[in-house]
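Enquirer: What follows is final_2.txt; its format and atoms are compact mmCIF, C-alpha atoms.
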```
# COMPACT_ATOMS: atom_id res chain seq x y z
CA MET V 23 16.54 -9.52 -35.56
CA TYR V 24 18.64 -12.54 -34.66
CA VAL V 25 20.46 -13.75 -31.58
CA ILE V 26 23.81 -15.51 -31.47
CA LEU V 27 23.96 -17.43 -28.19
CA THR V 28 27.02 -19.26 -26.91
CA ILE V 29 26.37 -21.37 -23.85
CA ALA V 30 29.18 -22.33 -21.52
CA PRO V 31 29.27 -25.95 -20.33
CA ASP V 32 28.49 -25.20 -16.68
CA MET V 33 24.86 -25.97 -15.94
CA GLY V 34 22.98 -25.84 -12.65
CA VAL V 35 19.97 -27.79 -11.50
CA LEU V 36 17.43 -26.12 -9.20
CA GLY V 37 14.17 -27.80 -10.04
CA LEU V 38 14.94 -27.27 -13.73
CA GLU V 39 18.03 -27.07 -15.91
CA SER V 40 19.37 -23.55 -15.39
CA ILE V 41 21.83 -21.89 -17.76
CA VAL V 42 24.05 -19.74 -15.58
CA ARG V 43 26.55 -18.46 -18.12
CA ALA V 44 25.95 -17.10 -21.60
CA ASP V 45 27.64 -15.01 -24.30
CA ILE V 46 24.98 -13.22 -26.32
CA THR V 47 25.16 -11.14 -29.46
CA LEU V 48 21.98 -9.33 -30.48
CA ALA V 49 22.02 -7.94 -34.01
CA THR V 50 19.50 -6.27 -36.27
CA PRO V 51 20.08 -6.19 -40.05
CA VAL V 52 19.95 -2.78 -41.73
CA HIS V 53 17.80 -2.31 -44.84
CA ARG V 54 19.46 0.44 -46.86
CA THR V 55 16.51 2.52 -47.86
CA GLY V 56 16.81 6.11 -49.02
CA ARG V 57 16.01 7.51 -45.60
CA VAL V 58 18.45 5.14 -43.89
CA LEU V 59 21.26 6.29 -46.22
CA GLN V 60 20.36 9.96 -45.59
CA LEU V 61 20.41 9.37 -41.83
CA GLN V 62 23.74 7.58 -42.05
CA GLY V 63 25.18 10.48 -44.01
CA MET V 64 23.88 13.06 -41.53
CA PHE V 65 25.69 11.44 -38.59
CA ASP V 66 28.59 9.86 -40.53
CA VAL V 67 28.29 6.68 -38.46
CA PRO V 68 28.34 3.06 -39.67
CA LEU V 69 24.90 2.07 -38.43
CA GLU V 70 25.69 -1.65 -38.45
CA GLU V 71 27.95 -1.09 -35.44
CA LYS V 72 25.19 0.68 -33.53
CA LEU V 73 22.67 -2.09 -34.14
CA THR V 74 24.76 -4.90 -32.69
CA ASN V 75 25.09 -5.57 -28.96
CA SER V 76 27.19 -8.24 -27.31
CA TRP V 77 27.56 -9.15 -23.67
CA SER V 78 28.49 -12.01 -21.39
CA ALA V 79 26.71 -12.98 -18.20
CA HIS V 80 27.76 -15.33 -15.44
CA LEU V 81 25.19 -16.05 -12.72
CA PRO V 82 26.44 -18.72 -10.29
CA VAL V 83 22.95 -19.47 -9.03
CA GLU V 84 23.79 -23.18 -8.72
CA ASP V 85 26.13 -22.47 -5.80
CA ARG V 86 23.38 -21.99 -3.21
CA GLN V 87 19.73 -22.65 -2.61
CA TRP V 88 17.60 -19.59 -3.34
CA SER V 89 14.01 -18.46 -3.70
CA VAL V 90 14.04 -14.93 -5.16
CA GLY V 91 16.47 -13.46 -7.68
CA LEU V 92 16.62 -10.00 -9.24
CA LEU V 93 17.85 -8.96 -12.70
CA VAL V 94 18.10 -5.18 -12.59
CA GLY V 95 19.45 -2.49 -14.87
CA PRO V 96 18.47 0.53 -16.96
CA SER V 97 16.15 0.28 -19.93
CA GLY V 98 17.86 -1.11 -23.02
CA ALA V 99 20.57 -2.89 -21.04
CA GLY V 100 19.43 -6.33 -22.21
CA LYS V 101 17.62 -7.63 -19.12
CA SER V 102 14.72 -9.21 -20.98
CA THR V 103 16.91 -10.85 -23.62
CA LEU V 104 19.18 -12.24 -20.93
CA ALA V 105 16.29 -13.58 -18.87
CA ARG V 106 14.69 -15.31 -21.87
CA GLU V 107 17.93 -17.02 -22.80
CA LEU V 108 18.93 -18.04 -19.29
CA TRP V 109 15.50 -19.43 -18.36
CA PRO V 110 13.77 -20.41 -21.62
CA GLY V 111 10.08 -21.11 -21.28
CA ARG V 112 9.88 -19.62 -17.80
CA MET V 113 9.02 -16.04 -18.70
CA VAL V 114 5.48 -15.04 -17.74
CA GLU V 115 3.81 -14.05 -20.99
CA ALA V 116 0.83 -11.76 -21.55
CA GLN V 117 -2.29 -13.18 -19.95
CA ALA V 118 -5.75 -13.18 -21.53
CA TRP V 119 -8.51 -12.05 -19.21
CA SER V 120 -12.21 -12.52 -19.71
CA GLY V 121 -14.91 -10.07 -18.72
CA LYS V 122 -16.01 -12.34 -15.89
CA ALA V 123 -15.16 -12.11 -12.21
CA LEU V 124 -11.44 -12.21 -11.50
CA VAL V 125 -11.71 -15.58 -9.73
CA ASP V 126 -13.18 -17.14 -12.88
CA ASP V 127 -9.94 -16.53 -14.81
CA PHE V 128 -7.94 -18.90 -12.61
CA PRO V 129 -7.40 -22.56 -13.58
CA LYS V 130 -10.50 -24.74 -13.37
CA ARG V 131 -8.65 -27.27 -11.25
CA MET V 132 -8.34 -24.76 -8.39
CA GLY V 133 -10.94 -24.58 -5.65
CA ILE V 134 -12.24 -21.21 -4.52
CA LYS V 135 -10.36 -21.45 -1.22
CA ASP V 136 -7.09 -21.99 -3.08
CA ILE V 137 -7.77 -19.01 -5.35
CA VAL V 138 -8.68 -16.75 -2.45
CA GLY V 139 -5.65 -17.94 -0.51
CA LEU V 140 -3.31 -17.16 -3.39
CA LEU V 141 -4.82 -13.73 -4.05
CA THR V 142 -4.55 -12.92 -0.36
CA ALA V 143 -0.95 -14.17 -0.24
CA VAL V 144 0.18 -11.70 -2.92
CA GLY V 145 -1.57 -8.82 -1.14
CA LEU V 146 -4.86 -8.64 -3.05
CA SER V 147 -7.10 -9.07 -0.03
CA SER V 148 -10.24 -7.19 -1.10
CA PRO V 149 -13.17 -9.54 -1.81
CA PRO V 150 -14.93 -6.85 -3.91
CA ALA V 151 -11.90 -6.88 -6.23
CA TRP V 152 -12.11 -10.67 -6.55
CA LEU V 153 -15.60 -10.30 -7.99
CA ARG V 154 -14.76 -7.62 -10.55
CA PRO V 155 -13.36 -8.17 -14.06
CA TYR V 156 -9.63 -7.68 -14.47
CA ARG V 157 -10.08 -4.61 -16.65
CA THR V 158 -11.76 -2.72 -13.78
CA LEU V 159 -8.86 -3.17 -11.36
CA SER V 160 -6.38 -0.46 -10.49
CA ASN V 161 -2.80 -0.85 -11.69
CA GLY V 162 -1.71 -2.11 -8.29
CA GLU V 163 -4.56 -4.61 -8.06
CA ALA V 164 -3.97 -5.77 -11.64
CA PHE V 165 -0.28 -6.39 -10.96
CA ARG V 166 -1.06 -8.51 -7.91
CA ALA V 167 -3.77 -10.41 -9.80
CA SER V 168 -1.33 -11.15 -12.63
CA MET V 169 1.26 -12.40 -10.16
CA ALA V 170 -1.28 -14.66 -8.45
CA ARG V 171 -2.41 -16.12 -11.76
CA ALA V 172 1.18 -16.69 -12.91
CA LEU V 173 1.90 -18.60 -9.70
CA ALA V 174 -1.30 -20.59 -10.21
CA GLU V 175 -0.65 -21.53 -13.83
CA GLN V 176 3.07 -22.25 -13.79
CA ASP V 177 4.91 -24.67 -11.51
CA GLY V 178 8.43 -24.20 -10.25
CA LEU V 179 10.41 -21.14 -11.28
CA ILE V 180 8.76 -18.13 -12.91
CA VAL V 181 10.46 -15.13 -14.52
CA VAL V 182 8.55 -11.84 -14.47
CA ASP V 183 9.62 -9.13 -16.89
CA GLU V 184 8.92 -5.45 -16.17
CA PHE V 185 8.37 -6.35 -12.53
CA THR V 186 6.39 -3.48 -10.85
CA SER V 187 7.17 -1.18 -13.79
CA VAL V 188 3.57 -0.05 -14.34
CA VAL V 189 2.61 0.63 -10.72
CA ASP V 190 3.14 3.50 -8.32
CA ARG V 191 6.45 3.16 -6.50
CA GLN V 192 4.82 2.91 -3.07
CA VAL V 193 2.61 0.13 -4.40
CA ALA V 194 5.67 -1.50 -5.99
CA LYS V 195 7.43 -1.75 -2.63
CA VAL V 196 4.46 -3.21 -0.77
CA ALA V 197 3.60 -5.62 -3.59
CA SER V 198 7.23 -6.78 -3.82
CA HIS V 199 7.19 -7.71 -0.15
CA ALA V 200 3.90 -9.61 -0.45
CA VAL V 201 4.92 -11.51 -3.59
CA ALA V 202 8.33 -12.51 -2.22
CA LYS V 203 6.76 -13.70 1.03
CA SER V 204 4.29 -15.84 -0.91
CA VAL V 205 7.01 -17.35 -3.12
CA ARG V 206 9.18 -18.27 -0.15
CA ARG V 207 6.30 -19.70 1.86
CA ASP V 208 5.31 -22.02 -1.01
CA GLY V 209 8.87 -23.14 -1.77
CA ARG V 210 8.79 -21.57 -5.25
CA GLN V 211 11.42 -19.61 -7.21
CA LEU V 212 11.00 -16.18 -8.75
CA VAL V 213 13.29 -14.09 -10.92
CA ALA V 214 12.13 -10.47 -11.07
CA VAL V 215 13.35 -8.41 -14.04
CA THR V 216 13.10 -4.65 -13.59
CA CYS V 217 14.76 -1.29 -14.15
CA HIS V 218 13.78 -0.12 -10.66
CA TYR V 219 16.38 -0.43 -7.93
CA ASP V 220 13.96 0.74 -5.23
CA VAL V 221 12.38 -2.71 -4.84
CA VAL V 222 15.56 -4.37 -3.55
CA ASP V 223 14.93 -3.67 0.14
CA TRP V 224 11.30 -4.81 -0.11
CA LEU V 225 11.75 -7.80 -2.42
CA GLN V 226 14.78 -8.95 -0.41
CA PRO V 227 16.21 -11.13 -3.22
CA ASP V 228 18.70 -13.86 -2.43
CA TRP V 229 20.83 -12.65 -5.33
CA VAL V 230 21.06 -9.60 -7.60
CA TYR V 231 22.54 -9.39 -11.08
CA ASP V 232 23.08 -5.81 -12.27
CA VAL V 233 23.12 -5.95 -16.06
CA ALA V 234 24.60 -2.47 -16.40
CA THR V 235 27.74 -3.36 -14.45
CA ALA V 236 27.68 -7.13 -15.12
CA THR V 237 28.01 -7.81 -11.40
CA PHE V 238 26.45 -10.70 -9.49
CA THR V 239 25.94 -10.48 -5.73
CA TRP V 240 24.61 -12.93 -3.20
CA ARG V 241 22.60 -11.32 -0.43
CA SER V 242 21.43 -12.38 2.99
CA VAL V 243 17.70 -11.89 3.36
CA GLN V 244 16.91 -9.02 5.74
CA PRO V 245 13.63 -7.91 7.35
CA ARG V 246 11.63 -5.58 5.14
CA PRO V 247 12.00 -1.85 5.82
CA THR V 248 10.01 -0.60 8.77
CA PHE V 249 7.13 1.83 8.50
CA GLN V 250 5.37 3.92 11.12
CA LEU V 251 1.66 3.31 11.50
CA ASP V 252 0.03 6.17 13.40
CA ILE V 253 -3.35 5.29 14.89
CA HIS V 254 -5.84 7.85 16.11
CA ALA V 255 -9.55 8.28 16.65
CA ALA V 256 -11.48 9.19 13.51
CA ASP V 257 -14.87 10.52 12.59
CA ARG V 258 -17.35 8.16 10.92
CA SER V 259 -17.29 10.42 7.86
CA LEU V 260 -13.86 8.92 7.00
CA TRP V 261 -15.63 5.66 6.24
CA HIS V 262 -16.61 6.88 2.77
CA ILE V 263 -12.97 6.43 1.64
CA PHE V 264 -12.99 2.77 2.68
CA ARG V 265 -16.59 1.61 2.38
CA HIS V 266 -16.37 0.21 -1.16
CA HIS V 267 -13.49 -2.07 -0.17
CA HIS V 268 -15.29 -3.80 2.70
CA TYR V 269 -16.23 -7.41 2.01
CA LEU V 270 -19.46 -7.46 3.99
CA SER V 271 -21.26 -4.14 3.96
CA SER V 272 -20.79 -0.51 2.97
CA ASP V 273 -22.86 0.63 5.96
CA ILE V 274 -21.54 1.57 9.37
CA SER V 275 -23.31 1.71 12.71
CA ASN V 276 -24.07 5.12 14.17
CA ALA V 277 -22.78 3.75 17.48
CA ALA V 278 -19.41 2.73 16.04
CA HIS V 279 -16.15 4.02 17.55
CA CYS V 280 -13.78 4.62 14.64
CA PHE V 281 -10.01 4.71 14.22
CA ALA V 282 -7.68 5.45 11.30
CA GLY V 283 -4.27 3.96 10.63
CA CYS V 284 -2.03 6.47 8.83
CA ILE V 285 1.35 6.24 7.11
CA ASP V 286 3.08 9.57 6.47
CA GLY V 287 -0.14 11.33 7.44
CA LYS V 288 -2.24 9.46 4.86
CA PRO V 289 -5.13 7.25 6.05
CA VAL V 290 -4.44 3.73 4.77
CA ALA V 291 -6.63 1.68 7.11
CA PHE V 292 -9.91 2.05 8.96
CA ALA V 293 -11.24 0.09 11.93
CA ALA V 294 -14.32 0.42 14.09
CA TYR V 295 -15.86 -1.37 17.05
CA ARG V 296 -19.21 -1.19 18.82
CA HIS V 297 -20.61 -2.35 22.12
CA PHE V 298 -21.70 -5.99 22.22
CA GLN V 299 -25.27 -6.01 23.48
CA HIS V 300 -25.83 -9.00 25.73
CA PRO V 301 -28.38 -9.65 28.50
CA LYS V 302 -25.72 -10.71 31.02
CA VAL V 303 -22.25 -9.71 29.79
CA ARG V 304 -21.58 -5.96 29.84
CA ASP V 305 -17.86 -5.60 29.20
CA ILE V 306 -17.44 -6.91 25.62
CA LYS V 307 -16.75 -4.74 22.59
CA LEU V 308 -17.08 -6.25 19.14
CA GLY V 309 -15.10 -5.49 15.99
CA HIS V 310 -17.40 -3.80 13.50
CA ARG V 311 -15.44 -2.74 10.40
CA LEU V 312 -11.87 -3.25 9.20
CA VAL V 313 -10.51 -2.16 5.81
CA VAL V 314 -6.99 -1.65 4.48
CA LEU V 315 -6.71 0.19 1.18
CA PRO V 316 -5.62 -2.13 -1.66
CA ASP V 317 -2.30 -0.35 -2.24
CA PHE V 318 -1.19 -1.19 1.32
CA GLN V 319 -2.44 -4.75 1.64
CA GLY V 320 0.17 -7.36 2.40
CA LEU V 321 1.90 -5.62 5.33
CA SER V 322 -0.36 -7.01 8.10
CA ILE V 323 -1.64 -3.50 8.77
CA GLY V 324 -5.13 -4.81 9.52
CA GLY V 325 -3.80 -7.17 12.17
CA LEU V 326 -1.64 -4.47 13.72
CA LEU V 327 -4.63 -2.14 13.90
CA GLU V 328 -6.74 -4.82 15.59
CA ASP V 329 -3.90 -5.51 18.06
CA TRP V 330 -3.83 -1.83 18.99
CA ILE V 331 -7.60 -1.64 19.52
CA GLY V 332 -7.51 -4.80 21.63
CA ARG V 333 -4.83 -3.35 23.88
CA TYR V 334 -6.58 0.04 23.99
CA LEU V 335 -9.84 -1.55 25.18
CA HIS V 336 -8.09 -3.94 27.57
CA GLU V 337 -6.47 -1.01 29.33
CA GLN V 338 -9.95 0.44 29.86
CA GLY V 339 -11.21 -2.79 31.39
CA PHE V 340 -13.07 -4.16 28.36
CA ARG V 341 -12.85 -7.44 26.48
CA TYR V 342 -12.53 -7.26 22.71
CA ARG V 343 -13.80 -9.82 20.25
CA ASN V 344 -13.46 -9.95 16.50
CA VAL V 345 -15.69 -12.13 14.34
CA THR V 346 -14.41 -12.53 10.79
CA SER V 347 -14.53 -14.76 7.74
CA HIS V 348 -11.59 -13.07 5.98
CA PRO V 349 -8.77 -15.62 5.44
CA ALA V 350 -5.95 -13.08 5.89
CA LEU V 351 -7.21 -11.85 9.26
CA ILE V 352 -7.99 -15.38 10.42
CA ALA V 353 -4.45 -16.49 9.53
CA TYR V 354 -2.94 -13.48 11.32
CA MET V 355 -4.90 -14.08 14.52
CA GLU V 356 -4.24 -17.82 14.44
CA ARG V 357 -0.48 -17.10 14.48
CA SER V 358 -0.65 -14.40 17.13
CA SER V 359 -0.32 -15.04 20.87
CA ARG V 360 -2.51 -11.97 21.43
CA TRP V 361 -5.65 -13.64 20.09
CA GLN V 362 -7.52 -16.68 21.35
CA ARG V 363 -9.84 -18.51 19.03
CA GLN V 364 -13.33 -18.95 20.42
CA GLY V 365 -14.22 -21.88 18.19
CA ARG V 366 -15.06 -22.16 14.51
CA ALA V 367 -18.54 -21.03 13.51
CA THR V 368 -19.64 -20.45 17.10
CA LYS V 369 -22.70 -18.28 17.22
CA LEU V 370 -22.57 -15.16 19.38
CA HIS V 371 -26.01 -14.63 20.87
CA THR V 372 -27.22 -11.07 20.96
CA SER V 373 -30.21 -9.37 22.46
CA SER V 374 -30.21 -6.77 19.71
CA LYS V 375 -33.35 -6.58 17.62
CA ARG V 376 -31.57 -4.76 14.80
CA ARG V 377 -31.60 -7.19 11.90
CA ASN V 378 -28.42 -5.92 10.28
CA GLN V 379 -26.39 -6.38 13.49
CA HIS V 380 -27.55 -9.97 13.84
CA ALA V 381 -27.90 -11.29 10.29
CA ASN V 382 -25.00 -9.45 8.68
CA THR V 383 -22.35 -9.61 11.38
CA LEU V 384 -23.14 -12.33 13.90
CA ASP V 385 -24.66 -15.33 12.10
CA PRO V 386 -21.89 -17.82 11.22
CA ARG V 387 -24.32 -20.15 9.46
CA ARG V 388 -24.39 -17.64 6.61
CA LEU V 389 -20.71 -16.73 6.47
CA GLY V 390 -18.79 -19.45 8.33
CA LEU V 391 -17.36 -16.88 10.73
CA VAL V 392 -14.54 -17.45 13.20
CA SER V 393 -14.48 -15.64 16.52
CA PHE V 394 -11.34 -14.43 18.31
CA GLU V 395 -10.87 -12.64 21.61
CA TYR V 396 -7.94 -10.38 22.43
CA ILE V 397 -5.67 -11.72 25.17
CA SER V 398 -3.29 -9.25 26.76
CA PRO V 399 0.30 -10.54 26.81
CA PRO V 400 1.65 -11.24 30.31
CA VAL V 401 3.55 -8.47 32.04
CA PRO V 402 7.25 -9.40 32.51
CA ARG V 403 8.22 -9.95 36.12
CA GLN V 404 10.36 -7.29 37.74
CA ARG V 405 13.67 -8.55 39.01
```
Is it possible to give me this structure as structure tokens?
Expert:
Amino acid sequence: MYVILTIAPDMGVLGLESIVRADITLATPVHRTGRVLQLQGMFDVPLEEKLTNSWSAHLPVEDRQWSVGLLVGPSGAGKSTLARELWPGRMVEAQAWSGKALVDDFPKRMGIKDIVGLLTAVGLSSPPAWLRPYRTLSNGEAFRASMARALAEQDGLIVVDEFTSVVDRQVAKVASHAVAKSVRRDGRQLVAVTCHYDVVDWLQPDWVYDVATATFTWRSVQPRPTFQLDIHAADRSLWHIFRHHHYLSSDISNAAHCFAGCIDGKPVAFAAYRHFQHPKVRDIKLGHRLVVLPDFQGLSIGGLLEDWIGRYLHEQGFRYRNVTSHPALIAYMERSSRWQRQGRATKLHTSSKRRNQHANTLDPRRLGLVSFEYISPPVPRQR
């Protein structure tokens, strides 16, 4: 196979030299074996014509600043060939993974906080998954891990072929949102190459080039599609679906009050609180468990669920505190006006004699916990 590539003189610079116009001819020589001649005779077609493809592409990406681009089109339309020629050396190639913990496959120069932050940013927020080898991850987790590692290993622009092609379409949408958000926040550039048009609304690319129609379109970035999160009381037996994804413990207190967050009737998140036992203070409830299933991480569902519980308890006259060491939840609560930080690594004293309640959930010396308390937003004045 050989490629004839004619490059037009217009070049753009966006952190690297970007070819934005190309005329490409992709041809494969035919070896006239006996079977090839028989096949050619059966269909009476000159096979040389069928094994040569030519197309031109003009992508004026130098005209504006952008973060996320999308090359989309049906299989066989030439997306991968076009991407490799337009951005040589920027395509994310197959990654080699060891049998060690996932975090050990990231560059040695990275600290553990940077690795965890990057994994969380692309929507892989489950600490148990960070400790498992890559081969044990689900397709959705593996895709996010690959994206995180590509962003860690390659500076500037990256081009990802077969973007979300091997994951469930619901996972593809959520992961697209998380990855695009991470790329924009870090000032990076991403070109996603895919045959799936359903990621457009979630990826929110700044531009789209449809290879099938040879059309280039600039887009204004819109909010991601909305989803309805239904929250209702749940039985503790539902915990078995979520227990293996919790970063601290797979156990749950018999005194826990449990809630499920559902999308389209499917439980995707679980939260629980329990009474905070204190010799003087009687009105505090304490967050006990919070898990979002891996396929739905990256949409701030955990934070939304905690917001709801905080408001629910506030309306009943209770205070609600959450003590966490998870970077995603800490970041969410730091940004929110509904949560007030109680001070880093501030120990919450408890009169409980149950060792697991004290040592596993309340001792910041072991986990470096951060405590937040829910603050009800002010009621607007009536005019």
Enquirer: Every residue with an atom at most 12 Å from (13.0, -20.8, -22.8) (file coordinates; all atoms listed in the file) is what I'm after, so could you write them as a list in words?
Expert: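 These residues have at least one counted atom within 12 Å: Leu38, Glu39, Ser40, Ile41, Ser102, Thr103, Leu104, Ala105, Arg106, Glu107, Leu108, Trp109, Pro110, Gly111, Arg112, Met113, Val114, Glu115, Leu179, Ile180 and Val181 of chain V.
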Enquirer: Return the single residue from V:Ser89, V:Gln192, V:Gln117, V:Asn276 that is closest to V:Tyr156, with distances computed using only C-alpha atoms.
Expert: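 Among V:Ser89, V:Gln192, V:Gln117, V:Asn276, it is V:Gln117 that comes nearest to V:Tyr156.
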Enquirer: Quick one, how far is atom CA of V:Asp223 from atom CA of V:Glu184?
Expert: 17.5 Å
Enquirer: Could you give me, as a PyMOL selection string, the residues within 8 Å of V:Asn344, counting all atoms listed in the file and dropping anything in the same chain fewer than 3 positions from it?
Expert: chain V and resi 308-310+393-395
Enquirer: Would you tabulate, counting only C-alpha atoms, all residues of stretch 170-262 of chain V that have an atom at most 7 Å from an atom of stretch 283-305 of chain V, showing the closest pair of atoms and their distance in Å to one decimal, sorted by chain then ascending number, as JSON lines?
Expert:
```
{"residue": "V:Gln250", "atom": "CA", "partner": "V:Ile285", "partner_atom": "CA", "distance": 6.1}
{"residue": "V:Leu251", "atom": "CA", "partner": "V:Ile285", "partner_atom": "CA", "distance": 5.3}
{"residue": "V:Asp252", "atom": "CA", "partner": "V:Cys284", "partner_atom": "CA", "distance": 5.0}
{"residue": "V:Ile253", "atom": "CA", "partner": "V:Gly283", "partner_atom": "CA", "distance": 4.6}
{"residue": "V:His254", "atom": "CA", "partner": "V:Gly283", "partner_atom": "CA", "distance": 6.9}
```
Enquirer: To one decimal place, how far is atom CA of V:Ser242 from atom CA of V:Asp228 in Å?
Expert: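 We find that atom CA of V:Ser242 and atom CA of V:Asp228 lie 6.2 Å from each other.
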Enquirer: Since the input is missing atoms, can you rebuild all heavy atoms for stretch 119-126 of chain V and write them as a PDB file, keeping the file's coordinate frame?
Expert:
```
ATOM      1  N   TRP V 119      -7.527 -12.141 -20.275  1.00  0.00           N
ATOM      2  CA  TRP V 119      -8.510 -12.050 -19.210  1.00  0.00           C
ATOM      3  C   TRP V 119      -9.901 -11.903 -19.819  1.00  0.00           C
ATOM      4  O   TRP V 119     -10.097 -11.161 -20.768  1.00  0.00           O
ATOM      5  CB  TRP V 119      -8.215 -10.850 -18.310  1.00  0.00           C
ATOM      6  CG  TRP V 119      -6.898 -10.933 -17.610  1.00  0.00           C
ATOM      7  CD1 TRP V 119      -5.692 -10.539 -18.105  1.00  0.00           C
ATOM      8  CD2 TRP V 119      -6.640 -11.460 -16.302  1.00  0.00           C
ATOM      9  NE1 TRP V 119      -4.692 -10.783 -17.191  1.00  0.00           N
ATOM     10  CE2 TRP V 119      -5.249 -11.350 -16.064  1.00  0.00           C
ATOM     11  CE3 TRP V 119      -7.450 -12.027 -15.323  1.00  0.00           C
ATOM     12  CZ2 TRP V 119      -4.658 -11.776 -14.881  1.00  0.00           C
ATOM     13  CZ3 TRP V 119      -6.860 -12.451 -14.137  1.00  0.00           C
ATOM     14  CH2 TRP V 119      -5.481 -12.327 -13.928  1.00  0.00           C
ATOM     15  N   SER V 120     -10.833 -12.615 -19.238  1.00  0.00           N
ATOM     16  CA  SER V 120     -12.210 -12.520 -19.710  1.00  0.00           C
ATOM     17  C   SER V 120     -12.896 -11.334 -19.036  1.00  0.00           C
ATOM     18  O   SER V 120     -12.298 -10.631 -18.224  1.00  0.00           O
ATOM     19  CB  SER V 120     -12.968 -13.812 -19.380  1.00  0.00           C
ATOM     20  OG  SER V 120     -13.184 -13.910 -17.972  1.00  0.00           O
ATOM     21  N   GLY V 121     -14.147 -11.131 -19.366  1.00  0.00           N
ATOM     22  CA  GLY V 121     -14.910 -10.070 -18.720  1.00  0.00           C
ATOM     23  C   GLY V 121     -15.660 -10.559 -17.509  1.00  0.00           C
ATOM     24  O   GLY V 121     -16.509  -9.841 -16.954  1.00  0.00           O
ATOM     25  N   LYS V 122     -15.346 -11.776 -17.058  1.00  0.00           N
ATOM     26  CA  LYS V 122     -16.010 -12.340 -15.890  1.00  0.00           C
ATOM     27  C   LYS V 122     -15.315 -11.899 -14.617  1.00  0.00           C
ATOM     28  O   LYS V 122     -14.365 -11.127 -14.642  1.00  0.00           O
ATOM     29  CB  LYS V 122     -16.005 -13.871 -15.989  1.00  0.00           C
ATOM     30  CG  LYS V 122     -16.710 -14.426 -17.215  1.00  0.00           C
ATOM     31  CD  LYS V 122     -16.617 -15.948 -17.244  1.00  0.00           C
ATOM     32  CE  LYS V 122     -17.287 -16.525 -18.472  1.00  0.00           C
ATOM     33  NZ  LYS V 122     -17.175 -18.011 -18.526  1.00  0.00           N
ATOM     34  N   ALA V 123     -15.798 -12.405 -13.494  1.00  0.00           N
ATOM     35  CA  ALA V 123     -15.160 -12.110 -12.210  1.00  0.00           C
ATOM     36  C   ALA V 123     -13.716 -12.598 -12.240  1.00  0.00           C
ATOM     37  O   ALA V 123     -13.375 -13.589 -12.895  1.00  0.00           O
ATOM     38  CB  ALA V 123     -15.929 -12.786 -11.083  1.00  0.00           C
ATOM     39  N   LEU V 124     -12.857 -11.895 -11.512  1.00  0.00           N
ATOM     40  CA  LEU V 124     -11.440 -12.210 -11.500  1.00  0.00           C
ATOM     41  C   LEU V 124     -11.199 -13.680 -11.140  1.00  0.00           C
ATOM     42  O   LEU V 124     -10.351 -14.346 -11.749  1.00  0.00           O
ATOM     43  CB  LEU V 124     -10.738 -11.306 -10.474  1.00  0.00           C
ATOM     44  CG  LEU V 124      -9.222 -11.424 -10.385  1.00  0.00           C
ATOM     45  CD1 LEU V 124      -8.571 -10.903 -11.652  1.00  0.00           C
ATOM     46  CD2 LEU V 124      -8.706 -10.647  -9.171  1.00  0.00           C
ATOM     47  N   VAL V 125     -11.939 -14.202 -10.169  1.00  0.00           N
ATOM     48  CA  VAL V 125     -11.710 -15.580  -9.730  1.00  0.00           C
ATOM     49  C   VAL V 125     -12.024 -16.595 -10.824  1.00  0.00           C
ATOM     50  O   VAL V 125     -11.519 -17.729 -10.793  1.00  0.00           O
ATOM     51  CB  VAL V 125     -12.545 -15.891  -8.467  1.00  0.00           C
ATOM     52  CG1 VAL V 125     -12.070 -15.055  -7.288  1.00  0.00           C
ATOM     53  CG2 VAL V 125     -14.032 -15.646  -8.720  1.00  0.00           C
ATOM     54  N   ASP V 126     -12.833 -16.218 -11.806  1.00  0.00           N
ATOM     55  CA  ASP V 126     -13.180 -17.140 -12.880  1.00  0.00           C
ATOM     56  C   ASP V 126     -12.076 -17.292 -13.916  1.00  0.00           C
ATOM     57  O   ASP V 126     -12.156 -18.175 -14.784  1.00  0.00           O
ATOM     58  CB  ASP V 126     -14.473 -16.688 -13.582  1.00  0.00           C
ATOM     59  CG  ASP V 126     -15.709 -16.921 -12.734  1.00  0.00           C
ATOM     60  OD1 ASP V 126     -15.722 -17.919 -11.994  1.00  0.00           O
ATOM     61  OD2 ASP V 126     -16.641 -16.101 -12.791  1.00  0.00           O
TER      62      ASP V 126
END
```
